[in-house]
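Peer 1: Can you keep this structure in mind? I'll have questions shortly.
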Amino acid sequence: MVVGEVAVETQVVVIGGGPGGYVCAIRLAQLGKQVMLVEKDPLGMGGICLNHGCIPSKALIHVSSLADSSKHMADIGISVENIHVDMKKMQLWKTGVVTNLRKGVENLCKQNGVEVVFGEAHFESNRRIGIAGNHDVAAIEFQQAVVATGSVPIEIPSLKFNGNTIISSTEALQLDVIPKDLLVIGTGYNGIEMGTMLAKLGSKVKMLEKGPKILPGVEAEVSSIVERRLKELGVEIYLNCMAESYGEQNGKLSIKAIQEGKQIELIADKVLVVIGRKPNVESLRLMNTKAALDEKGFIKVNEKMQSLDPRIYAIGDVAGNPMLAHKAFMEGKLAAQVISGDESAFHSRAVPAVIFSDPEIAYVGLMEKEALEKGVKVKVGKFPFRALGRAATMESPIGFVKVVADFDSDVLLGVEVVGPNASDLISEASLAIEMGARLEDLALTIHPHPTLPEGLMEAAEVAMGKAIHFYSKKS
Ligand code: FAD
């Protein structure tokens, strides 16, 4: 490696070591490319997902659910007394989980021959990036660059993040004291996941949503099941409500909000603002290349993840919705294939989405409401978990599996699950949609009994009018 101001050279440089970036770099190396990856987070590789998102949040959600269910086990013959939540210990455990996984990613990069450089990258041209904050490498010259810089949280101008009382998901996942009163602004998946987790750990949670229902992107019959559970956990939900400003009152925050034209005041120790994320492009100096942004601020790419500058690719959160780790993984692999001469292209017909709420929600493909809005004639089959043996044995009889199929051909178009382990159930549906399966394929596949995936088979039978374990009158 050349030291100082002289640029080092590589075939491909990847900017960002999150799920998009590290997967792309490893696949490029596997395909014989010389790859350098630049990451600015001194913590190491893994991006938001591993360090501040998917993994720490799911670790804490898991533990909070254990704490909550241990309070309610007397009915099934297990008495647990004096439940005590040690938040500091919980954080230590979570950090251990994250650190181990991060080391795993770093080892994989090393083993595959990906050279990782720490520092913040910006484009000097479409052949060269400069790197700030690295004593050894000041610049890298490349043939192709892949931008995988992810996203950053959106702020409310009148409630700017201060890292202490007004926080983003990153700080919420590091709390080592449970806030007594927590206000969550935004009820997208992050708000719901984190609000539920902290309510289960003992916070008095209030949630504020500007729209008429929680979980704006999810069908009402699904979100209402989660809303009911939140209320059981003591969460107060304020709909059609916008936070306006805040002040301090007796050591607490006093948040002024407008709900249906009336001003209300909410008191909290901490305010968690989770109103969405935006593509992270600001420091990249893309103006030194031909790459351009779309109207939402994402880097414009074609189905090969190539930007308007043919030397520059973009993947993951910075390249468009949905902002999900598994979409970033797939785009990372795809960009690597394309750069290595493959004719691959990305088609997002079956990108599943999961919300680790209580109960969990997962969906993939076309939803019933969307089909209706688009005028697509569909068949729908809905099977409730209360009719499923396995759900009863798990004490989880709430929710349903819904399948949506093309009316004439029976080809599966979409699946929605709200209920136990929805996050695991959706993968069979994704595979079925990817493979062009029909309702009959799901119905005739022998599913082991008693298991939750039987719900998918049963929902397909309902759609075909042949349900055994659920009676619905013929229309
Ligand atoms: P990121 O993971 O954001 O990685 C980008 C990397 O680029 C970062 O490491 C950053 O430091 C680095 N970087 C940025 N700019 C530069 C620069 N100029 N130079 C060098 N390095 C740079 N998704 C799911 O699918 N499932 C979940 O359960 C889930 N839970 C989430 C929970 C939370 C609280 C949050 C915030 C997100 C969650 N997500 C989840 C979304 C998921 O984290 C993102 O979709 C995913 O991380 C995107 O991957 P990425 O590679 O595009 O970017």
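Following the order of the structure tokens, first chain is A, next is B, and so on, with residues numbered from 1 inside each chain and ligands from 1 in the order they appear.
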Find the residues near ligand 1. Use a cut-off of 7 Å, count only C-alpha atoms and all ligand atoms, and write them as a ChimeraX atom specification.
Peer 2: /A:15-21,38-41,45-49,52-54,57-58,119-122,148-151,169-170,190,280,283-284,315-318,323-326,328,354
Peer 1: Give me, as CSV, each residue of segment 380-417 of chain A that comes within 12 Å of segment 214-221 of chain A, together with its shortest interatomic pair and the distance in Å at one decimal, counting only C-alpha atoms, with rows ordered by chain and rising residue number.
Peer 2:
```
residue,atom,partner,partner_atom,distance
A:Lys382,CA,A:Glu221,CA,11.7
A:Gly399,CA,A:Glu221,CA,9.5
A:Phe400,CA,A:Glu221,CA,10.0
A:Val401,CA,A:Glu221,CA,11.8
A:Lys402,CA,A:Glu221,CA,11.0
A:Glu416,CA,A:Glu219,CA,9.4
A:Val417,CA,A:Glu219,CA,11.0
```
Peer 1: Only N, CA and C atoms, please: the residues just picked out, written as a PDB file, in the first residue's frame.
Peer 2:
```
ATOM      1  N   LYS A 382     -58.292 -16.320   3.969  1.00  0.00           N
ATOM      2  CA  LYS A 382     -57.787 -15.843   5.258  1.00  0.00           C
ATOM      3  C   LYS A 382     -57.992 -16.937   6.288  1.00  0.00           C
ATOM      4  N   GLY A 399     -54.394 -13.327  15.412  1.00  0.00           N
ATOM      5  CA  GLY A 399     -53.908 -12.978  14.076  1.00  0.00           C
ATOM      6  C   GLY A 399     -54.359 -13.954  13.001  1.00  0.00           C
ATOM      7  N   PHE A 400     -53.785 -13.800  11.815  1.00  0.00           N
ATOM      8  CA  PHE A 400     -54.209 -14.631  10.669  1.00  0.00           C
ATOM      9  C   PHE A 400     -53.139 -14.669   9.586  1.00  0.00           C
ATOM     10  N   VAL A 401     -53.335 -15.597   8.659  1.00  0.00           N
ATOM     11  CA  VAL A 401     -52.540 -15.634   7.422  1.00  0.00           C
ATOM     12  C   VAL A 401     -53.512 -15.323   6.297  1.00  0.00           C
ATOM     13  N   LYS A 402     -53.123 -14.414   5.410  1.00  0.00           N
ATOM     14  CA  LYS A 402     -54.007 -14.085   4.283  1.00  0.00           C
ATOM     15  C   LYS A 402     -53.238 -14.280   2.985  1.00  0.00           C
ATOM     16  N   GLU A 416     -49.917 -12.058   3.556  1.00  0.00           N
ATOM     17  CA  GLU A 416     -49.793 -11.182   4.714  1.00  0.00           C
ATOM     18  C   GLU A 416     -50.011 -12.041   5.958  1.00  0.00           C
ATOM     19  N   VAL A 417     -49.150 -11.874   6.934  1.00  0.00           N
ATOM     20  CA  VAL A 417     -49.296 -12.646   8.170  1.00  0.00           C
ATOM     21  C   VAL A 417     -49.225 -11.685   9.341  1.00  0.00           C
TER      22      VAL A 417
END
```
Peer 1: As an NGL selection string, please: every residue in segment 1-224 of chain A that DSSP puts in strand (DSSP E).
Peer 2: :A and (8-9 or 12-15 or 35-39 or 115-118 or 120-123 or 128-132 or 139-141 or 144-147 or 151-153 or 166-167 or 181-185 or 204-208)
Peer 1: Near Leu444 of chain A, within 12 Å and counting only C-alpha atoms, which residues show up once chain neighbours fewer than 6 positions away are dropped, as a PDB file with N, CA, C and O atoms, in the first residue's frame?
Peer 2:
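Here's the written file result-v5.pdb:
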```
ATOM      1  N   ALA A 437     -45.817 -19.930  -7.885  1.00  0.00           N
ATOM      2  CA  ALA A 437     -46.699 -20.992  -7.381  1.00  0.00           C
ATOM      3  C   ALA A 437     -48.171 -20.577  -7.462  1.00  0.00           C
ATOM      4  O   ALA A 437     -48.505 -19.395  -7.408  1.00  0.00           O
ATOM      5  N   ARG A 438     -49.043 -21.592  -7.588  1.00  0.00           N
ATOM      6  CA  ARG A 438     -50.492 -21.359  -7.526  1.00  0.00           C
ATOM      7  C   ARG A 438     -50.990 -21.792  -6.149  1.00  0.00           C
ATOM      8  O   ARG A 438     -50.291 -22.481  -5.426  1.00  0.00           O
ATOM      9  N   GLU A 454     -48.488 -24.398   8.583  1.00  0.00           N
ATOM     10  CA  GLU A 454     -49.760 -24.973   8.118  1.00  0.00           C
ATOM     11  C   GLU A 454     -50.772 -23.857   7.819  1.00  0.00           C
ATOM     12  O   GLU A 454     -51.671 -24.036   7.001  1.00  0.00           O
ATOM     13  N   LEU A 456     -50.391 -21.218   6.177  1.00  0.00           N
ATOM     14  CA  LEU A 456     -50.281 -20.793   4.773  1.00  0.00           C
ATOM     15  C   LEU A 456     -51.031 -21.780   3.875  1.00  0.00           C
ATOM     16  O   LEU A 456     -51.795 -21.393   2.977  1.00  0.00           O
ATOM     17  N   MET A 457     -50.817 -23.059   4.162  1.00  0.00           N
ATOM     18  CA  MET A 457     -51.512 -24.109   3.396  1.00  0.00           C
ATOM     19  C   MET A 457     -53.030 -23.978   3.589  1.00  0.00           C
ATOM     20  O   MET A 457     -53.809 -24.050   2.628  1.00  0.00           O
ATOM     21  N   GLU A 458     -53.424 -23.740   4.837  1.00  0.00           N
ATOM     22  CA  GLU A 458     -54.856 -23.633   5.138  1.00  0.00           C
ATOM     23  C   GLU A 458     -55.466 -22.401   4.461  1.00  0.00           C
ATOM     24  O   GLU A 458     -56.570 -22.462   3.924  1.00  0.00           O
ATOM     25  N   ALA A 460     -54.495 -21.031   1.727  1.00  0.00           N
ATOM     26  CA  ALA A 460     -54.631 -21.344   0.295  1.00  0.00           C
ATOM     27  C   ALA A 460     -55.898 -22.172   0.068  1.00  0.00           C
ATOM     28  O   ALA A 460     -56.648 -21.944  -0.895  1.00  0.00           O
ATOM     29  N   GLU A 461     -56.166 -23.103   0.973  1.00  0.00           N
ATOM     30  CA  GLU A 461     -57.391 -23.924   0.839  1.00  0.00           C
ATOM     31  C   GLU A 461     -58.647 -23.070   1.020  1.00  0.00           C
ATOM     32  O   GLU A 461     -59.646 -23.290   0.340  1.00  0.00           O
ATOM     33  N   MET A 464     -59.349 -21.409  -2.126  1.00  0.00           N
ATOM     34  CA  MET A 464     -59.862 -22.339  -3.143  1.00  0.00           C
ATOM     35  C   MET A 464     -61.254 -22.858  -2.786  1.00  0.00           C
ATOM     36  O   MET A 464     -61.826 -23.675  -3.503  1.00  0.00           O
ATOM     37  N   LYS A 466     -61.933 -24.754  -0.205  1.00  0.00           N
ATOM     38  CA  LYS A 466     -61.826 -26.154   0.226  1.00  0.00           C
ATOM     39  C   LYS A 466     -61.273 -26.289   1.642  1.00  0.00           C
ATOM     40  O   LYS A 466     -60.564 -27.240   1.940  1.00  0.00           O
TER      41      LYS A 466
END
```
Peer 1: Figure out the distance between atom CA of Val380 of chain A and atom CA of Gly211 of chain A, please, to one decimal in Å.
Peer 2: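 Here the two named atoms are 27.4 Å from each other.
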Peer 1: So that I can see what lies close to Lys33 of chain A, please list as a list in words the residues with an atom at most 10 Å from it, counting only C-alpha atoms and leaving out residues fewer than 3 positions away in the same chain.
Peer 2: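 After dropping sequence-adjacent residues, the list is Thr10, Gln11, Val12, Ala25, Ile26, Arg27, Leu28, Ala29, Gln30, Met36, Gly113, Val114, Ala336, Ile339 and Ser340 of chain A.
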Peer 1: Write out the residues from the selection above, keeping all heavy atoms, as a short mmCIF file (atom, residue, chain, number, x, y, z; two decimals), in the first residue's frame.
Peer 2:
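Contents of again.cif, as written:
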```
data_model
loop_
_atom_site.label_atom_id
_atom_site.label_comp_id
_atom_site.auth_asym_id
_atom_site.auth_seq_id
_atom_site.Cartn_x
_atom_site.Cartn_y
_atom_site.Cartn_z
N THR A 10 -7.33 0.38 -7.17
CA THR A 10 -8.05 -0.88 -7.06
C THR A 10 -9.00 -0.99 -8.24
O THR A 10 -9.32 0.01 -8.88
CB THR A 10 -8.81 -0.96 -5.72
OG1 THR A 10 -9.35 -2.27 -5.58
CG2 THR A 10 -9.96 0.03 -5.64
N GLN A 11 -9.47 -2.21 -8.51
CA GLN A 11 -10.46 -2.33 -9.60
C GLN A 11 -11.80 -1.75 -9.14
O GLN A 11 -12.39 -0.92 -9.82
CB GLN A 11 -10.63 -3.81 -9.98
CG GLN A 11 -9.49 -4.33 -10.83
CD GLN A 11 -9.69 -5.79 -11.19
OE1 GLN A 11 -10.07 -6.61 -10.36
NE2 GLN A 11 -9.41 -6.12 -12.43
N VAL A 12 -12.27 -2.18 -7.96
CA VAL A 12 -13.58 -1.70 -7.49
C VAL A 12 -13.44 -1.18 -6.06
O VAL A 12 -12.82 -1.84 -5.22
CB VAL A 12 -14.64 -2.82 -7.49
CG1 VAL A 12 -16.03 -2.23 -7.22
CG2 VAL A 12 -14.65 -3.59 -8.80
N ALA A 25 -18.86 -6.37 -1.60
CA ALA A 25 -17.40 -6.48 -1.65
C ALA A 25 -16.98 -7.96 -1.63
O ALA A 25 -16.11 -8.37 -2.39
CB ALA A 25 -16.81 -5.73 -0.46
N ILE A 26 -17.62 -8.74 -0.76
CA ILE A 26 -17.26 -10.17 -0.68
C ILE A 26 -17.57 -10.87 -2.00
O ILE A 26 -16.76 -11.61 -2.55
CB ILE A 26 -17.99 -10.86 0.50
CG1 ILE A 26 -17.39 -10.36 1.82
CG2 ILE A 26 -17.90 -12.37 0.42
CD1 ILE A 26 -18.10 -10.86 3.08
N ARG A 27 -18.77 -10.59 -2.57
CA ARG A 27 -19.12 -11.25 -3.83
C ARG A 27 -18.18 -10.82 -4.96
O ARG A 27 -17.76 -11.65 -5.78
CB ARG A 27 -20.59 -10.95 -4.16
CG ARG A 27 -21.15 -11.58 -5.43
CD ARG A 27 -20.95 -13.08 -5.54
NE ARG A 27 -21.47 -13.89 -4.44
CZ ARG A 27 -22.70 -14.35 -4.33
NH1 ARG A 27 -23.59 -14.09 -5.27
NH2 ARG A 27 -23.07 -15.08 -3.29
N LEU A 28 -17.80 -9.54 -4.97
CA LEU A 28 -16.85 -9.07 -5.99
C LEU A 28 -15.53 -9.84 -5.88
O LEU A 28 -14.96 -10.30 -6.88
CB LEU A 28 -16.58 -7.57 -5.81
CG LEU A 28 -17.63 -6.62 -6.38
CD1 LEU A 28 -17.48 -5.23 -5.76
CD2 LEU A 28 -17.54 -6.53 -7.90
N ALA A 29 -15.05 -9.99 -4.63
CA ALA A 29 -13.79 -10.71 -4.42
C ALA A 29 -13.94 -12.17 -4.85
O ALA A 29 -13.05 -12.73 -5.51
CB ALA A 29 -13.39 -10.62 -2.96
N GLN A 30 -15.11 -12.76 -4.55
CA GLN A 30 -15.33 -14.15 -4.96
C GLN A 30 -15.30 -14.28 -6.48
O GLN A 30 -14.91 -15.30 -7.03
CB GLN A 30 -16.70 -14.64 -4.45
CG GLN A 30 -16.73 -14.89 -2.95
CD GLN A 30 -18.15 -15.13 -2.43
OE1 GLN A 30 -19.13 -14.82 -3.12
NE2 GLN A 30 -18.25 -15.67 -1.22
N MET A 36 -11.53 -2.80 -2.65
CA MET A 36 -11.28 -2.09 -1.40
C MET A 36 -12.61 -1.59 -0.88
O MET A 36 -13.47 -1.17 -1.67
CB MET A 36 -10.33 -0.91 -1.62
CG MET A 36 -8.93 -1.38 -1.97
SD MET A 36 -7.80 0.00 -2.18
CE MET A 36 -7.24 0.22 -0.51
N GLY A 113 -10.40 -11.68 0.98
CA GLY A 113 -9.43 -10.79 0.33
C GLY A 113 -9.95 -9.38 0.09
O GLY A 113 -9.42 -8.67 -0.78
N VAL A 114 -10.97 -8.96 0.84
CA VAL A 114 -11.45 -7.57 0.71
C VAL A 114 -10.58 -6.70 1.61
O VAL A 114 -10.43 -6.99 2.80
CB VAL A 114 -12.93 -7.45 1.17
CG1 VAL A 114 -13.38 -6.00 1.19
CG2 VAL A 114 -13.83 -8.30 0.30
N ALA A 336 -22.44 -6.67 -7.76
CA ALA A 336 -21.16 -7.39 -7.93
C ALA A 336 -21.19 -8.23 -9.20
O ALA A 336 -20.23 -8.26 -9.97
CB ALA A 336 -20.90 -8.25 -6.70
N ILE A 339 -21.01 -5.88 -12.29
CA ILE A 339 -19.66 -5.34 -12.47
C ILE A 339 -18.72 -6.42 -13.02
O ILE A 339 -17.81 -6.15 -13.78
CB ILE A 339 -19.13 -4.76 -11.12
CG1 ILE A 339 -19.92 -3.48 -10.78
CG2 ILE A 339 -17.63 -4.47 -11.17
CD1 ILE A 339 -19.69 -2.96 -9.38
N SER A 340 -19.00 -7.66 -12.64
CA SER A 340 -18.16 -8.76 -13.10
C SER A 340 -18.59 -9.31 -14.46
O SER A 340 -18.13 -10.37 -14.89
CB SER A 340 -18.16 -9.89 -12.06
OG SER A 340 -17.80 -9.37 -10.82
#
```
Peer 1: Give the helix (DSSP H, G or I) residues of segment 393-427 of chain A, as DSSP finds them on the backbone, and put them as a ChimeraX atom specification.
Peer 2: /A:393,422-427
Peer 1: For a test of reading the model, state the distance in Å between atom CA of Lys200 of chain A and atom CA of Leu230 of chain A, rounded to one decimal.
Peer 2: 9.7 Å
Peer 1: Neighbours of Met207 of chain A within 12 Å (only C-alpha atoms; same-chain residues fewer than 2 positions away dropped), as a PyMOL selection string?
Peer 2: chain A and resi 181-188+190-196+198-199+204-205+209-211+213-215+227+230-231+234-243+257+266-268+271-275
Peer 1: Counting only C-alpha atoms, figure out which residue out of A:Ile398, A:Val351, A:Leu50, A:Ile312 gets nearest to Phe385 of chain A.
Peer 2: A:Ile398
Peer 1: In Å, how far is it from atom CA of Met435 of chain A to atom CA of Ala350 of chain A?
Peer 2: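 Going from atom CA of Met435 of chain A over to atom CA of Ala350 of chain A, I get 10.2 Å.
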Peer 1: Measuring atom to atom with only C-alpha atoms, identify which of A:Ile355, A:Val338, A:Met330, A:Met90 is nearest to Ser223 of chain A.
Peer 2: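 Nearest to Ser223 of chain A: A:Ile355.
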Peer 1: Give the answer as one residue: which of A:Val35, A:Leu60, A:Met305, A:Val403 has the shortest atom-to-atom distance to Glu343 of chain A, using only C-alpha atoms?
Peer 2: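 Among A:Val35, A:Leu60, A:Met305, A:Val403, it is A:Met305 that comes nearest to Glu343 of chain A.
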Peer 1: Tell me which of A:Ala371, A:Val117, A:Ile426, A:Leu366 sits closest to Asp136 of chain A, counting only C-alpha atoms.
Peer 2: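 Checking each candidate against Asp136 of chain A, we get A:Val117 as the closest.
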